[in-house]
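Undergrad: One structure, pasted below without further comment.
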Amino acid sequence: MVNGYGARVAMLQAWAAHDADTFRVFTETARKNGVDPFRARVLDVGCGSNAPMSVLLHSAGATVTGIDAYIGHRWGLGFKPSRYLAYLHEAGALKTLRKLAGEFTYDRHYYTTLAEKTGLTLTEKNLDLRKGDVHSVPIPDGSIDLVHSNATWEHVPDVAEANRQIARVLQPGGLAYIEIHLFPSLSGGHDLPWIVPGKIELGDVKPWQHLRNPTWQAPVYLNRLRERDYDRLFRSTPNLEIVEWRTEYTEGEQLLTDEIRQALPGYSDEELTKRSIIVVARRV
């Protein structure tokens, strides 16, 4: 279990290192497919409250728009009080003060590590971050060269419409890079205390309990789609052609027992241990 100041800092540093690696793989993939990520018009879908990919791409020279249901602040890049007004209205003064104190304490560790790992001087000056919904992306048709999304598609109720929106905003020849955390995986229930790839910590969560327990409830919305469902939905999206489909991470091989296999006869070992996939698609 991640407890205490030191453990919390270590977790944030691990996430920053992971996000830096994600940035490297994403930019290498874009270049390999003919798009310069640092000169591109980029849409970062589900950018997250701290918007790491948006901040990194913006700092490297790209023209970036990040959208998310919640757009937060970035303490390590300068405090902006206006960003807390909505939270103050929704949650009240006490929770807002606690949020401020916690984020002030920890954010600098995350962004310091992120800058060190990427070699970039991070800035959010003039960065375009918007509250938005992937089902109705607030971007004109054909205005984007490169779409990035990390760990968002599993939270999308209507994946078919999200795919159509991506195809709509991309210019012909534009590229989409979609990372998806798969529901059947060990951490696919989003209920583990630590889910940084490469480190498994179950706490009191039983392996694959989200698949084995019919009364289990997800802590966040999950569409529960399997890889084969995503494959069908991407392949049926008009004007979007898959150019690469690869496994990103695997996990839990050492925890997979014959008892679990027998309890989950509809799932293969590969499906249960495949944590995430990357879908690279081109607008045609």
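Following the order of the structure tokens, first chain is A, next is B, and so on, with residues numbered from 1 inside each chain and ligands from 1 in the order they appear.
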For Pro37 of chain A, find every residue with an atom within 9 Å (counting only C-alpha atoms), except residues of its own chain fewer than 2 positions away, and show them as an mmCIF file with N, CA and C atoms, in the first residue's frame.
TA:
data_model
loop_
_atom_site.group_PDB
_atom_site.id
_atom_site.type_symbol
_atom_site.label_atom_id
_atom_site.label_comp_id
_atom_site.auth_asym_id
_atom_site.auth_seq_id
_atom_site.Cartn_x
_atom_site.Cartn_y
_atom_site.Cartn_z
ATOM 1 N N PHE A 26 5.496 7.548 -28.089
ATOM 2 C CA PHE A 26 4.522 8.236 -28.931
ATOM 3 C C PHE A 26 5.200 9.071 -30.014
ATOM 4 N N THR A 27 6.191 9.862 -29.633
ATOM 5 C CA THR A 27 6.845 10.723 -30.623
ATOM 6 C C THR A 27 7.623 9.896 -31.650
ATOM 7 N N GLU A 28 8.240 8.796 -31.196
ATOM 8 C CA GLU A 28 8.938 7.916 -32.140
ATOM 9 C C GLU A 28 7.954 7.288 -33.126
ATOM 10 N N ALA A 30 5.051 8.537 -34.105
ATOM 11 C CA ALA A 30 4.589 9.572 -35.031
ATOM 12 C C ALA A 30 5.613 9.804 -36.138
ATOM 13 N N ARG A 31 6.873 9.933 -35.771
ATOM 14 C CA ARG A 31 7.921 10.154 -36.779
ATOM 15 C C ARG A 31 8.021 8.977 -37.745
ATOM 16 N N VAL A 35 4.872 11.856 -39.410
ATOM 17 C CA VAL A 35 4.364 13.075 -38.784
ATOM 18 C C VAL A 35 5.390 13.569 -37.766
ATOM 19 N N ARG A 39 6.108 19.708 -34.646
ATOM 20 C CA ARG A 39 5.622 20.760 -35.550
ATOM 21 C C ARG A 39 4.154 20.559 -35.918
ATOM 22 N N ALA A 40 3.545 19.566 -35.316
ATOM 23 C CA ALA A 40 2.186 19.185 -35.688
ATOM 24 C C ALA A 40 1.139 19.965 -34.889
ATOM 25 N N ARG A 41 -0.078 19.961 -35.434
ATOM 26 C CA ARG A 41 -1.259 20.394 -34.691
ATOM 27 C C ARG A 41 -1.799 19.138 -34.013
ATOM 28 N N VAL A 42 -1.747 19.140 -32.669
ATOM 29 C CA VAL A 42 -2.022 17.924 -31.908
ATOM 30 C C VAL A 42 -3.275 18.099 -31.063
ATOM 31 N N LEU A 57 4.354 18.090 -25.204
ATOM 32 C CA LEU A 57 4.320 18.422 -26.638
ATOM 33 C C LEU A 57 4.350 19.932 -26.850
ATOM 34 N N ALA A 60 7.731 21.241 -26.353
ATOM 35 C CA ALA A 60 8.645 20.843 -27.429
ATOM 36 C C ALA A 60 8.366 21.565 -28.738
ATOM 37 N N GLY A 61 7.296 22.374 -28.802
ATOM 38 C CA GLY A 61 7.055 23.175 -29.988
ATOM 39 C C GLY A 61 5.791 22.876 -30.761
ATOM 40 N N ALA A 62 5.040 21.845 -30.381
ATOM 41 C CA ALA A 62 3.798 21.522 -31.088
ATOM 42 C C ALA A 62 2.703 22.520 -30.746
ATOM 43 N N ASP A 145 -3.303 17.324 -37.203
ATOM 44 C CA ASP A 145 -2.342 16.411 -37.822
ATOM 45 C C ASP A 145 -2.162 15.125 -37.026
ATOM 46 N N LEU A 146 -2.321 15.225 -35.702
ATOM 47 C CA LEU A 146 -1.946 14.128 -34.829
ATOM 48 C C LEU A 146 -2.871 14.106 -33.609
#
Undergrad: Hey, what's within 10 Å of His135 of chain A if we count only C-alpha atoms and toss same-chain stuff fewer than 2 positions away? As a list of chain:residue names, please?
TA: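 So, after excluding close chain neighbours, the residues are A:Gly132, A:Asp133, A:Val137, A:Pro138, A:Val156, A:Pro157, A:Asp158, A:Val159, A:Ala160, A:Glu161, A:Ala162, A:Asn163, A:Arg164, A:Gln165, A:Ile166.
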Undergrad: Do you know which residues are at most 10 Å from Ile178 of chain A counting only C-alpha atoms, after dropping those on the same chain fewer than 3 positions away, and could you put them as a PyMOL selection string?
TA: chain A and resi 26+44-45+147-153+163+175+245+277-281
Undergrad: Quick one: write out the picked residues with C-alpha atoms as a PDB file, in the first residue's frame?
TA:
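Output contents, as saved in out_0.pdb:
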ATOM      1  CA  PHE A  26       4.522   8.236 -28.931  1.00  0.00           C
ATOM      2  CA  ASP A  44      -4.686  15.273 -26.787  1.00  0.00           C
ATOM      3  CA  VAL A  45      -7.948  13.495 -25.916  1.00  0.00           C
ATOM      4  CA  VAL A 147      -4.298  12.756 -32.168  1.00  0.00           C
ATOM      5  CA  HIS A 148      -2.981  11.328 -28.916  1.00  0.00           C
ATOM      6  CA  SER A 149      -4.962   9.570 -26.218  1.00  0.00           C
ATOM      7  CA  ASN A 150      -3.730   7.605 -23.220  1.00  0.00           C
ATOM      8  CA  ALA A 151      -5.956   5.482 -20.950  1.00  0.00           C
ATOM      9  CA  THR A 152      -9.191   7.159 -22.040  1.00  0.00           C
ATOM     10  CA  TRP A 153     -10.986   4.853 -24.477  1.00  0.00           C
ATOM     11  CA  ASN A 163     -13.691   6.980 -33.289  1.00  0.00           C
ATOM     12  CA  LEU A 175      -2.427  10.020 -37.497  1.00  0.00           C
ATOM     13  CA  TRP A 245      -1.952  -2.635 -33.489  1.00  0.00           C
ATOM     14  CA  ILE A 277      -2.736  -1.979 -26.398  1.00  0.00           C
ATOM     15  CA  ILE A 278      -1.741   0.829 -28.736  1.00  0.00           C
ATOM     16  CA  VAL A 279      -3.830   1.456 -31.835  1.00  0.00           C
ATOM     17  CA  VAL A 280      -2.235   3.594 -34.548  1.00  0.00           C
ATOM     18  CA  ALA A 281      -4.633   4.648 -37.290  1.00  0.00           C
TER      19      ALA A 281
END
Undergrad: Measuring between only C-alpha atoms, which one of A:Asn33, A:Arg275, A:Arg24, A:Leu127 shows the shortest distance to Ile67 of chain A?
TA: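 Smallest distance to Ile67 of chain A is found for A:Leu127.
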Undergrad: Assign secondary structure with DSSP using the backbone only, and return the residues of segment 24-163 of chain A in alpha helix (DSSP H) as a ChimeraX atom specification.
TA: /A:24-32,52-60,85-91,93-118,159-163
Undergrad: For each of A:Ile200, A:Val284, A:Val220, A:Leu120, take the minimum atom-to-atom distance to Gly174 of chain A, counting only C-alpha atoms, then give the residue where this is smallest.
TA: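 Smallest separation from Gly174 of chain A among the options: A:Val284.
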Undergrad: Under the rule that only C-alpha atoms are counted, which of A:Thr112, A:Ser276, A:Met11, A:Tyr230 is the nearest residue to Ser187 of chain A?
TA: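 Closest to Ser187 of chain A of all the choices is A:Ser276.
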Undergrad: Mind the document's chain letters and residue numbers, and return as an NGL selection string the residues of segment 73-255 of chain A that DSSP labels strand (DSSP E).
TA: :A and (128-131 or 144-150 or 170-181 or 240-250)
Undergrad: From the options A:Ala14, A:Leu272, A:Asp107, A:Ala115, which residue's atoms come nearest to Gly189 of chain A, counting only C-alpha atoms?
TA: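 The closest residue to Gly189 of chain A is A:Leu272.
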Undergrad: Atom CA of Asp141 of chain A and atom CA of Arg282 of chain A are how many Å apart?
TA: 15.0 Å
Undergrad: Using only C-alpha atoms, can you tell me which of A:Asp128, A:Glu227, A:Glu244, A:Asp21 comes closest to Glu271 of chain A?
TA: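 The closest residue to Glu271 of chain A is A:Glu227.
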Undergrad: Please determine, counting only C-alpha atoms, which residue among A:Arg228, A:Tyr106, A:Ala167, A:Glu124 has the shortest atom-to-atom distance to Ala7 of chain A.
TA: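 The shortest atom-to-atom distance to Ala7 of chain A comes from A:Tyr106.
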Undergrad: Residues at most 12 Å from segment 259-266 of chain A, counting only C-alpha atoms, excluding those fewer than 2 positions away in the same chain, as JSON, numbers by chain?
TA: {"A": [184, 186, 206, 207, 208, 209, 210, 211, 212, 213, 214, 226, 252, 253, 254, 255, 256, 257, 268, 269, 270, 271, 272, 273]}
Undergrad: Could the residues in this selection be written to a file with N, CA and C atoms, as a tab-separated table (two decimals), in the first residue's frame?
TA:
chain	number	residue	atom	x	y	z
A	184	PRO	N	-10.14	-6.85	-19.22
A	184	PRO	CA	-9.85	-8.19	-18.68
A	184	PRO	C	-8.50	-8.32	-17.97
A	186	LEU	N	-5.28	-7.75	-15.30
A	186	LEU	CA	-5.22	-7.77	-13.84
A	186	LEU	C	-5.62	-6.43	-13.23
A	206	LYS	N	-8.32	-9.09	-4.69
A	206	LYS	CA	-8.02	-10.44	-5.17
A	206	LYS	C	-7.72	-10.38	-6.67
A	207	PRO	N	-6.79	-11.20	-7.17
A	207	PRO	CA	-6.46	-11.17	-8.60
A	207	PRO	C	-7.69	-11.39	-9.48
A	208	TRP	N	-7.89	-10.48	-10.40
A	208	TRP	CA	-8.99	-10.51	-11.36
A	208	TRP	C	-10.36	-10.54	-10.67
A	209	GLN	N	-10.49	-9.91	-9.51
A	209	GLN	CA	-11.77	-9.92	-8.82
A	209	GLN	C	-12.86	-9.23	-9.63
A	210	HIS	N	-12.49	-8.27	-10.46
A	210	HIS	CA	-13.49	-7.57	-11.26
A	210	HIS	C	-14.14	-8.48	-12.31
A	211	LEU	N	-13.47	-9.58	-12.65
A	211	LEU	CA	-14.05	-10.56	-13.58
A	211	LEU	C	-14.71	-11.72	-12.83
A	212	ARG	N	-14.20	-12.05	-11.68
A	212	ARG	CA	-14.65	-13.25	-10.95
A	212	ARG	C	-15.84	-12.99	-10.04
A	213	ASN	N	-16.00	-11.77	-9.59
A	213	ASN	CA	-17.06	-11.46	-8.63
A	213	ASN	C	-18.23	-10.76	-9.35
A	214	PRO	N	-19.38	-11.42	-9.48
A	214	PRO	CA	-20.50	-10.82	-10.22
A	214	PRO	C	-21.09	-9.57	-9.56
A	226	ARG	N	-13.65	-5.66	-24.59
A	226	ARG	CA	-12.48	-6.52	-24.74
A	226	ARG	C	-11.73	-6.11	-26.00
A	252	GLY	N	0.89	-9.67	-14.56
A	252	GLY	CA	0.16	-10.67	-13.80
A	252	GLY	C	0.40	-12.11	-14.17
A	253	GLU	N	1.38	-12.37	-15.03
A	253	GLU	CA	1.63	-13.76	-15.44
A	253	GLU	C	1.89	-14.67	-14.24
A	254	GLN	N	2.60	-14.15	-13.24
A	254	GLN	CA	2.97	-14.96	-12.08
A	254	GLN	C	1.78	-15.20	-11.15
A	255	LEU	N	0.70	-14.48	-11.33
A	255	LEU	CA	-0.48	-14.62	-10.47
A	255	LEU	C	-1.57	-15.48	-11.10
A	256	LEU	N	-1.40	-15.83	-12.33
A	256	LEU	CA	-2.42	-16.59	-13.05
A	256	LEU	C	-2.30	-18.07	-12.70
A	257	THR	N	-3.31	-18.61	-12.01
A	257	THR	CA	-3.29	-19.99	-11.55
A	257	THR	C	-4.35	-20.81	-12.29
A	268	SER	N	-8.62	-16.23	-22.40
A	268	SER	CA	-7.34	-16.89	-22.60
A	268	SER	C	-6.30	-16.28	-21.67
A	269	ASP	N	-5.18	-17.01	-21.49
A	269	ASP	CA	-4.08	-16.46	-20.70
A	269	ASP	C	-3.60	-15.14	-21.29
A	270	GLU	N	-3.54	-15.06	-22.61
A	270	GLU	CA	-3.08	-13.83	-23.26
A	270	GLU	C	-3.98	-12.66	-22.92
A	271	GLU	N	-5.29	-12.90	-22.94
A	271	GLU	CA	-6.22	-11.80	-22.66
A	271	GLU	C	-6.13	-11.36	-21.21
A	272	LEU	N	-5.97	-12.29	-20.30
A	272	LEU	CA	-5.92	-11.95	-18.88
A	272	LEU	C	-4.63	-11.24	-18.49
A	273	THR	N	-3.57	-11.42	-19.26
A	273	THR	CA	-2.28	-10.82	-18.90
A	273	THR	C	-1.88	-9.66	-19.81
Undergrad: What separation in Å, quoted to one decimal, exists between atom CA of His181 of chain A and atom CA of Ala218 of chain A?
TA: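 Distance between the two atoms: 14.1 Å.
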